[in-house]
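Below is one structure; the comments refer to it alone.
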Amino acid sequence: MDRVCVIGAGSSGIAACQVLSARGIEYDCFETGSEVGGNWRYLNDNGMSSAYRSLHINTSRQMMEFKSFPMPAHLPAYPSHFQIAEYFDDFVKHHGFRDRIRFRTEVTSVSVTSGGYLVTTRDRDTGSETSVVYGSVIVANGHHWSPRLPEPAFPGSFSGEELHAHFYKTPERFADKKVLVLGIGNSACDIAVESSRVSARTFLAMRRGAHIMPKYLFGMPTDHLTTSALARFAPAWLQALSLRAMLRLARGKLSSYGLPEPSHGILAAHPTVSDDLLTRLGHGDITVKPNVSRLDGTGVVFDDGSREEVDVIVYCTGYKVDFPFLDSSSFSAVSSADNEVSLYRRVVDPAHPGLYFLGLIQPLGAIMPLAEAQAEWIADLVSGRAALPSVPEMKAEIDSYRESLRSRYVKSKRHTLEVDFLGYQRELQEERRAGAARR
């Protein structure tokens with residue numbers, strides 16, 4: 001077996017390290033920052049964390065925990081990012097591979113070479129560069145760190161402050177200001193709620209409606225429904241119908257709170273989870289607006305023709321799938337401007353044997369157990385326990401996946417990486433069995 005390079009020591013990267021260590025596969029892991037945890041390390045000195053001070057997970061700890069190291073029972077159902085970062089530290093300590101991670105080391109280039117991939121790294125403290133050939137490379141640098149601003153940009157100009165949600169940490173900067181939050185995802189809801197407590201006024205603008213899910217339904221974490229008997233055995237239409245009925249019973253119509261009713265099905269977009277948004281709307285602390293039409297000096301004009309004076313605009317408009325160390329002309333499978341990726345089972349680039357992408361998914365559920373399962377399959381491939389199908393077969397699977405996305409989800413750059421938690425778990429299990437049979 002050739003030595004493996006793991007890029008990143010966030011939640012997916014450490015999952016790869018644990019599996020490779022357990023299998024006795026030699027590897028080096030490179031992390032730009034000084035600690036593990038990636039996005040969950042608040043104020044991470046790698047400069048890529050999007051965590052804000054009040055952030056808590058939106059998937060319960062029972063759903064989020066690694067199979068190889070369950071979360072402590074004393075943690076709350078929805079831990080904070082501080083608790084999650086501590087859990088990752090304990091995970092690494094428990095499995096004993098911290099010394100295998102080279103911290104403050106940035107991967108600057110990965111290129112194809114004889115025998116595998118030439119990986120160039122830079123020591124952030126000394127500036128020295130090193131190049132080593134690896135037989136396999138596992139890319140685990142995350143996909144929530146490269147901010148995407150509205151595309152195309154809104155016409156006009158704005159004289160106030162503009163920032164992306166990636167750079168938001170605490171609400172004090174919004175004290176006594178008029179704030180516009182653009183978006184209706186999880187970050188948008190959290191930031192709108194927080195800013196409304198200190199701002200002179202907070203507006204929440206969006207292109208389309210979204211289904212707002214509470215963190216609890218009938219006394220249990222809502223995401224437990226994704227692993228219930230209904231989720232395991234019922235068809236998708238029945239799952240959607242049941243969830244819609246439960247939400248209507250629990251919170252009524254969204255239009256009662258001033259939000260637009262979603263035009264898409266409840267499982268046709270990534271869920272927005274918030275217990276606080278509807279309450280703040282009911283209190284009149286947040287004003288809902290349609291999408292921005294144009295920027296207008298000290299204010300903003302919206303699609304309904306209304307205009308509001310605004311001091312700050314916060315763009316909660318998502319992230320780009322970005323691999324700055326990969327040459328886009330050579331690695332076209334993951335270089336789409338629209339966040340489209342062409343990976344077999346969301347992991348393998350058919351054109352580049354030995355190159356794997358870990359955690360490059362957006363699950364309806366938690367990502368950590370799925371990254372762990374992906375790492376097990378990658379270890380099968382690296383160790384020779386399993387083999388891949390032919391390139392035409394892999395491309396056919398990729399086309400089928402894309403077609404399923406188009407038929408189910410709202411068309412947007414946010415929904416190019418979606419997977420169902422249970423369905424994707426089964427997919428990986430079946431692939432591992434099939435791969436073992438191909439040896």
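The way I read the labels, and the way they are meant: chains A, B, ... in the order of the structure tokens, residue 1 as the first residue of every chain, and ligand 1 as the first ligand shown, with later ones counted on from there.
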
Would you pick out the contacts of region 149-152 of chain A at 7 Å or less, using only C-alpha atoms, so that residues sharing its chain but fewer than 2 positions from it are not included, and give the list as a ChimeraX atom specification? /A:147,154,315,317

Would you save the residues of that selection, restricted to C-alpha atoms, as an mmCIF file, in the first residue's frame?
data_model
loop_
_atom_site.group_PDB
_atom_site.id
_atom_site.type_symbol
_atom_site.label_atom_id
_atom_site.label_comp_id
_atom_site.auth_asym_id
_atom_site.auth_seq_id
_atom_site.Cartn_x
_atom_site.Cartn_y
_atom_site.Cartn_z
ATOM 1 C CA PRO A 147 -17.932 32.685 0.852
ATOM 2 C CA PHE A 154 -27.203 43.344 -7.238
ATOM 3 C CA TYR A 315 -25.138 38.112 2.919
ATOM 4 C CA THR A 317 -25.730 33.354 0.501
#

Give me, as a tab-separated table, the closest atom pair and its distance (Å, one decimal) for every residue of region 83-138 of chain A within a cut-off of 7 Å of region 340-362 of chain A, counting only C-alpha atoms, rows sorted by chain and rising number.
residue	atom	partner	partner_atom	distance
A:Gly135	CA	A:Gly354	CA	6.6
A:Ser136	CA	A:Gly354	CA	4.4
A:Val137	CA	A:Leu355	CA	5.0
A:Ile138	CA	A:Tyr356	CA	4.8

File dump, residues just selected, C-alpha atoms, as a short mmCIF file (atom, residue, chain, number, x, y, z; two decimals), in the first residue's frame:
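And here's part.cif as it stands now:
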data_model
loop_
_atom_site.label_atom_id
_atom_site.label_comp_id
_atom_site.auth_asym_id
_atom_site.auth_seq_id
_atom_site.Cartn_x
_atom_site.Cartn_y
_atom_site.Cartn_z
CA GLY A 135 -0.05 7.05 -3.86
CA SER A 136 -3.42 8.39 -2.71
CA VAL A 137 -4.81 11.73 -1.59
CA ILE A 138 -7.90 12.27 0.57
#

Would you please extract all helix (DSSP H, G or I) residues from region 173-359 of chain A, as assigned by DSSP on the backbone, and give them as a ChimeraX atom specification? /A:173-174,186-196,222-227,229-233,236-251,254-257,277-282,332-334

Quick check for you: according to DSSP on this backbone, which residues of region 355-437 of chain A are classed as strand (DSSP E or B)? Reply as an MDAnalysis selection string. chainID A and resid 355:357 362:364 418:420

Fewer than 5 positions away in the same chain doesn't count, so skip those; otherwise give me all residues within 6 Å of region 323-332 of chain A, counting only C-alpha atoms, as a ChimeraX atom specification. /A:108-110
